[in-house]
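Take a look at the structure set out below.
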Amino acid sequence: MVNDIKHIVNFSGGKDSTAMLIRMLEENMQVDEIIFCKVMATQSIGAELPEMYEYINRIDNYIQGKYNKKITVITQEKCFEDYFYTKKTRGKRKGQIYGFPAILSSWCNTRLKVNILKKYLNTKGNYISYIGIAADEPKRLKRLKENECSMLEKWNMTEKDCLEFLKERNLDNPLYKNHKRLGCWFCPKQNIKTLEILKNEYPELWEKLLQWQRDSPFPFRINTTVYDLDKRFTKE
């Protein structure tokens with residue numbers, strides 16, 4: 001039966017998933033659960049910038065007060081640092097720690113988020129997973145599976161539309177003032193500007209990145225270490 005299908009929204013705190021969630025609630029669409037996968041950098045430090053967690057709490061309070069819905073936070077025991085220091089058990093680099101993930105074949109997203117979400121969703125039986133992918137992201141939209149859906153595509157909402165939608169409701173994420181993309185503060189795929197912001201505005205997190213570089217058998221980015229970036233930003 002159709003009613004047996006659970007409608008689950010994947011919420012990240014980014015503009016796209018937030019705009020999709022708020023509009024779905026505004027249009028009284030069926031939303032059975034809203035899930036946020038909380039990744040940890042270390043056992044005590046989150047993978048997102050502190051302002052992200054403040055924003056997620058703000059959205060949670062908003063939807064609880066207006067729609068009687070709450071965000072379910074999914075976590076796992078292992079953090080990025082646990083995997084970072086895990087030693088390889090086979091191959092040419094047996095006994096060597098994983099260190100920083102390679103940009104082209106990173107292990108972090110699968111181990112820290114994809115696998116935990118998949119395991120959680122597998123307990124839900126039949127479900128539709130709503131993922132916030134904007135209408136102007138055709139490559140990502142093509143990768144959606146049969147039971148995955150982006151309402152943004154159906155509404156023809158672009159990334160810019162999502163930002164405007166949230167601003168009109170005073171629900172925009174303040175991190176977008178200085179960041180084009182949001183995600184893990186230790187992600188090697190982020191642009192240089194956000195890495196410079198990390199060094200200047202979040203010195204404790206930058207120190208942790210420097211520590212990992214000291215221990216990692218690989219550079220943070222292709223042919224670029226955190227030390228290289230540190231010198232560059234200090235000079236600038």
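Starting from 1 in every chain, residues are counted up; chains themselves are A, B, ... following the order of the structure tokens, and ligands are numbered from 1 as listed.
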
**Request:** Would you mind writing down, as a PyMOL selection string, each residue of stretch 130-233 of chain A that DSSP on the backbone assigns to helix (DSSP H, G or I)?
**Result:** chain A and resi 138-142+151-155+159-168+174-177+192-201+203-215+226-233

Report the closest atom pair, with its distance in Å rounded to one decimal, for each residue of stretch 78-154 of chain A that has an atom no farther than 10 Å from stretch 185-188 of chain A; count only C-alpha atoms, sort by chain and then rising residue number, and write it as JSON lines.
{"residue": "A:Phe80", "atom": "CA", "partner": "A:Phe186", "partner_atom": "CA", "distance": 9.5}
{"residue": "A:Phe100", "atom": "CA", "partner": "A:Pro188", "partner_atom": "CA", "distance": 8.4}
{"residue": "A:Pro101", "atom": "CA", "partner": "A:Pro188", "partner_atom": "CA", "distance": 8.2}
{"residue": "A:Ala102", "atom": "CA", "partner": "A:Pro188", "partner_atom": "CA", "distance": 8.4}
{"residue": "A:Ile103", "atom": "CA", "partner": "A:Pro188", "partner_atom": "CA", "distance": 6.7}
{"residue": "A:Ser106", "atom": "CA", "partner": "A:Pro188", "partner_atom": "CA", "distance": 9.7}
{"residue": "A:Cys108", "atom": "CA", "partner": "A:Cys187", "partner_atom": "CA", "distance": 9.2}
{"residue": "A:Asn109", "atom": "CA", "partner": "A:Cys187", "partner_atom": "CA", "distance": 9.9}

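Using only C-alpha atoms, the residues found no farther than 12 Å from A:Ala47, other than those of its own chain fewer than 5 positions away, are Cys37, Lys38, Val39, Met40, Ala41, Thr42, Met52, Tyr53, Thr75, Cys79, Phe80, Glu81, Cys108, Asn109, Leu112, Lys113, Leu182, Gly183, Cys184, Trp185, Phe186, Cys187, Leu205, Lys208 and Leu209 of chain A.
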
Produce a file of the selected residues containing N, CA, C and O atoms, as a JSON list (two decimals), in the first residue's frame.
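Just written: part_25.json:
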[["chain", "number", "residue", "atom", "x", "y", "z"],
["A", 37, "CYS", "N", 22.65, 13.53, 9.57],
["A", 37, "CYS", "CA", 23.77, 12.66, 9.91],
["A", 37, "CYS", "C", 24.91, 13.52, 10.46],
["A", 37, "CYS", "O", 25.52, 14.29, 9.73],
["A", 38, "LYS", "N", 25.16, 13.39, 11.75],
["A", 38, "LYS", "CA", 26.19, 14.19, 12.40],
["A", 38, "LYS", "C", 27.52, 13.47, 12.35],
["A", 38, "LYS", "O", 27.72, 12.44, 12.99],
["A", 39, "VAL", "N", 28.44, 14.03, 11.58],
["A", 39, "VAL", "CA", 29.79, 13.48, 11.46],
["A", 39, "VAL", "C", 30.68, 14.19, 12.47],
["A", 39, "VAL", "O", 30.57, 15.40, 12.68],
["A", 40, "MET", "N", 31.57, 13.44, 13.10],
["A", 40, "MET", "CA", 32.51, 14.01, 14.06],
["A", 40, "MET", "C", 33.92, 13.99, 13.49],
["A", 40, "MET", "O", 34.34, 13.02, 12.86],
["A", 41, "ALA", "N", 34.65, 15.10, 13.69],
["A", 41, "ALA", "CA", 36.05, 15.16, 13.27],
["A", 41, "ALA", "C", 36.91, 14.37, 14.25],
["A", 41, "ALA", "O", 37.76, 13.58, 13.86],
["A", 42, "THR", "N", 36.70, 14.64, 15.53],
["A", 42, "THR", "CA", 37.32, 13.87, 16.61],
["A", 42, "THR", "C", 36.18, 13.43, 17.53],
["A", 42, "THR", "O", 35.01, 13.72, 17.26],
["A", 52, "MET", "N", 27.18, 25.99, 12.11],
["A", 52, "MET", "CA", 26.26, 25.06, 11.48],
["A", 52, "MET", "C", 25.36, 24.39, 12.52],
["A", 52, "MET", "O", 24.15, 24.24, 12.32],
["A", 53, "TYR", "N", 25.95, 23.97, 13.62],
["A", 53, "TYR", "CA", 25.16, 23.31, 14.65],
["A", 53, "TYR", "C", 24.16, 24.29, 15.30],
["A", 53, "TYR", "O", 23.04, 23.90, 15.65],
["A", 75, "THR", "N", 24.16, 9.42, 14.53],
["A", 75, "THR", "CA", 25.61, 9.48, 14.76],
["A", 75, "THR", "C", 26.18, 8.06, 14.70],
["A", 75, "THR", "O", 25.45, 7.08, 14.71],
["A", 79, "CYS", "N", 34.85, 8.41, 14.47],
["A", 79, "CYS", "CA", 34.98, 9.74, 13.90],
["A", 79, "CYS", "C", 36.05, 9.74, 12.81],
["A", 79, "CYS", "O", 36.71, 8.72, 12.58],
["A", 80, "PHE", "N", 36.22, 10.88, 12.15],
["A", 80, "PHE", "CA", 37.22, 11.00, 11.09],
["A", 80, "PHE", "C", 38.61, 10.65, 11.61],
["A", 80, "PHE", "O", 39.37, 9.95, 10.96],
["A", 81, "GLU", "N", 38.94, 11.14, 12.79],
["A", 81, "GLU", "CA", 40.27, 10.90, 13.35],
["A", 81, "GLU", "C", 40.53, 9.42, 13.61],
["A", 81, "GLU", "O", 41.65, 8.94, 13.43],
["A", 108, "CYS", "N", 36.37, 9.04, 3.06],
["A", 108, "CYS", "CA", 35.70, 9.63, 4.21],
["A", 108, "CYS", "C", 34.18, 9.73, 4.09],
["A", 108, "CYS", "O", 33.45, 9.39, 5.02],
["A", 109, "ASN", "N", 33.67, 10.19, 2.95],
["A", 109, "ASN", "CA", 32.22, 10.36, 2.82],
["A", 109, "ASN", "C", 31.48, 9.04, 2.95],
["A", 109, "ASN", "O", 30.44, 8.95, 3.61],
["A", 112, "LEU", "N", 31.97, 7.77, 6.77],
["A", 112, "LEU", "CA", 31.43, 8.64, 7.81],
["A", 112, "LEU", "C", 29.96, 8.99, 7.64],
["A", 112, "LEU", "O", 29.29, 9.30, 8.62],
["A", 113, "LYS", "N", 29.46, 8.93, 6.41],
["A", 113, "LYS", "CA", 28.08, 9.36, 6.19],
["A", 113, "LYS", "C", 27.24, 8.35, 5.40],
["A", 113, "LYS", "O", 26.19, 7.93, 5.87],
["A", 182, "LEU", "N", 29.17, 24.48, 1.85],
["A", 182, "LEU", "CA", 29.35, 24.11, 3.25],
["A", 182, "LEU", "C", 29.67, 22.62, 3.34],
["A", 182, "LEU", "O", 29.31, 21.84, 2.48],
["A", 183, "GLY", "N", 30.33, 22.24, 4.39],
["A", 183, "GLY", "CA", 30.69, 20.83, 4.57],
["A", 183, "GLY", "C", 31.70, 20.69, 5.69],
["A", 183, "GLY", "O", 31.86, 21.58, 6.52],
["A", 184, "CYS", "N", 32.40, 19.59, 5.69],
["A", 184, "CYS", "CA", 33.39, 19.34, 6.73],
["A", 184, "CYS", "C", 34.53, 20.36, 6.65],
["A", 184, "CYS", "O", 35.03, 20.64, 5.56],
["A", 185, "TRP", "N", 34.92, 20.90, 7.79],
["A", 185, "TRP", "CA", 35.97, 21.92, 7.80],
["A", 185, "TRP", "C", 37.33, 21.37, 7.40],
["A", 185, "TRP", "O", 38.22, 22.12, 7.01],
["A", 186, "PHE", "N", 37.49, 20.05, 7.42],
["A", 186, "PHE", "CA", 38.77, 19.43, 7.06],
["A", 186, "PHE", "C", 38.75, 18.84, 5.65],
["A", 186, "PHE", "O", 39.67, 18.11, 5.27],
["A", 187, "CYS", "N", 37.76, 19.17, 4.86],
["A", 187, "CYS", "CA", 37.64, 18.60, 3.52],
["A", 187, "CYS", "C", 38.69, 19.20, 2.57],
["A", 187, "CYS", "O", 38.75, 20.43, 2.41],
["A", 205, "LEU", "N", 40.80, 24.74, 15.10],
["A", 205, "LEU", "CA", 40.56, 23.75, 14.05],
["A", 205, "LEU", "C", 41.75, 23.70, 13.09],
["A", 205, "LEU", "O", 42.15, 22.63, 12.63],
["A", 208, "LYS", "N", 44.49, 21.66, 14.56],
["A", 208, "LYS", "CA", 44.21, 20.23, 14.43],
["A", 208, "LYS", "C", 44.57, 19.76, 13.01],
["A", 208, "LYS", "O", 45.14, 18.67, 12.84],
["A", 209, "LEU", "N", 44.30, 20.56, 12.02],
["A", 209, "LEU", "CA", 44.65, 20.23, 10.64],
["A", 209, "LEU", "C", 46.17, 20.13, 10.48],
["A", 209, "LEU", "O", 46.67, 19.22, 9.80]]

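Residues in contact with A:Leu144 at up to 9 Å, not including ones fewer than 5 positions away on its chain and judged by only C-alpha atoms, are Ile131, Cys149 and Ser150 of chain A.
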
**Asked** Could you name the residues that touch A:Asn10 at 12 Å or less, counting only C-alpha atoms, but leaving out those on the same chain fewer than 5 positions away, as an NGL selection string?
**Response** :A and (16-21 or 31-38 or 71-74 or 113-114 or 117-118 or 120-121 or 128-133 or 148-151)

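Closest approach to A:Lys78 among A:Gln43, A:Asn122, A:Asn115, A:Asn170: A:Gln43, based on only C-alpha atoms.
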
**Request:** Measuring atom to atom with only C-alpha atoms, identify which of A:Asn178, A:Asn200, A:Thr234, A:Asn191 is nearest to A:Arg221.
**Result:**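 Result for the nearest residue to A:Arg221: A:Asn191.
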
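Computed from the coordinates, the atom CA of A:Ile63 to atom CA of A:Val9 distance equals 13.1 Å.
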
**Message:** Would you compute the distance between atom CA of A:Asn28 and atom CA of A:Pro174? Give it in Å to one decimal.
**Reply:** 26.7 Å

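The nearest approach to A:Asn57 among the residues A:Leu210, A:Leu171, A:Met29, A:Leu141, with only C-alpha atoms taken into account, belongs to A:Leu171.
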
**Prompt:** What is the atom CA of A:Asp228 to atom CA of A:Arg111 distance in Å?
**Reply:**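 About the pair atom CA of A:Asp228 and atom CA of A:Arg111: they are 27.8 Å apart.
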
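Secondary structure from DSSP on the backbone puts strand (DSSP E) at the following positions of stretch 62-222 of chain A: Ile71, Thr72, Val73, Ile74, Tyr127, Ile128, Ser129, Tyr130, Ile131, Glu148 and Cys149 of chain A.
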
Dump C-alpha atoms for the selected residues as a short mmCIF file (atom, residue, chain, number, x, y, z; two decimals), in the first residue's frame?
data_model
loop_
_atom_site.label_atom_id
_atom_site.label_comp_id
_atom_site.auth_asym_id
_atom_site.auth_seq_id
_atom_site.Cartn_x
_atom_site.Cartn_y
_atom_site.Cartn_z
CA ILE A 71 15.10 16.53 13.37
CA THR A 72 16.46 13.07 14.17
CA VAL A 73 20.24 13.18 14.59
CA ILE A 74 22.10 10.05 13.47
CA TYR A 127 10.71 4.53 1.95
CA ILE A 128 11.33 7.51 -0.29
CA SER A 129 14.43 9.48 0.58
CA TYR A 130 14.15 13.18 -0.23
CA ILE A 131 17.54 14.72 -1.07
CA GLU A 148 15.37 8.90 -4.01
CA CYS A 149 13.75 12.17 -4.97
#

**Message:** Env of A:Gln213: 9 Å cut, atoms = only C-alpha atoms, seq-sep filter 2 positions within chain, self excluded. Answer as a ChimeraX atom specification.
**Reply:** /A:99-100,208-211,215-220,225-227

**Nearest-residue call for A:Asp230, choices A:Lys199, A:Lys160, A:Lys92, A:His7, using only C-alpha atoms** =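 Ranking A:Lys199, A:Lys160, A:Lys92, A:His7 by distance to A:Asp230, first place goes to A:Lys199.
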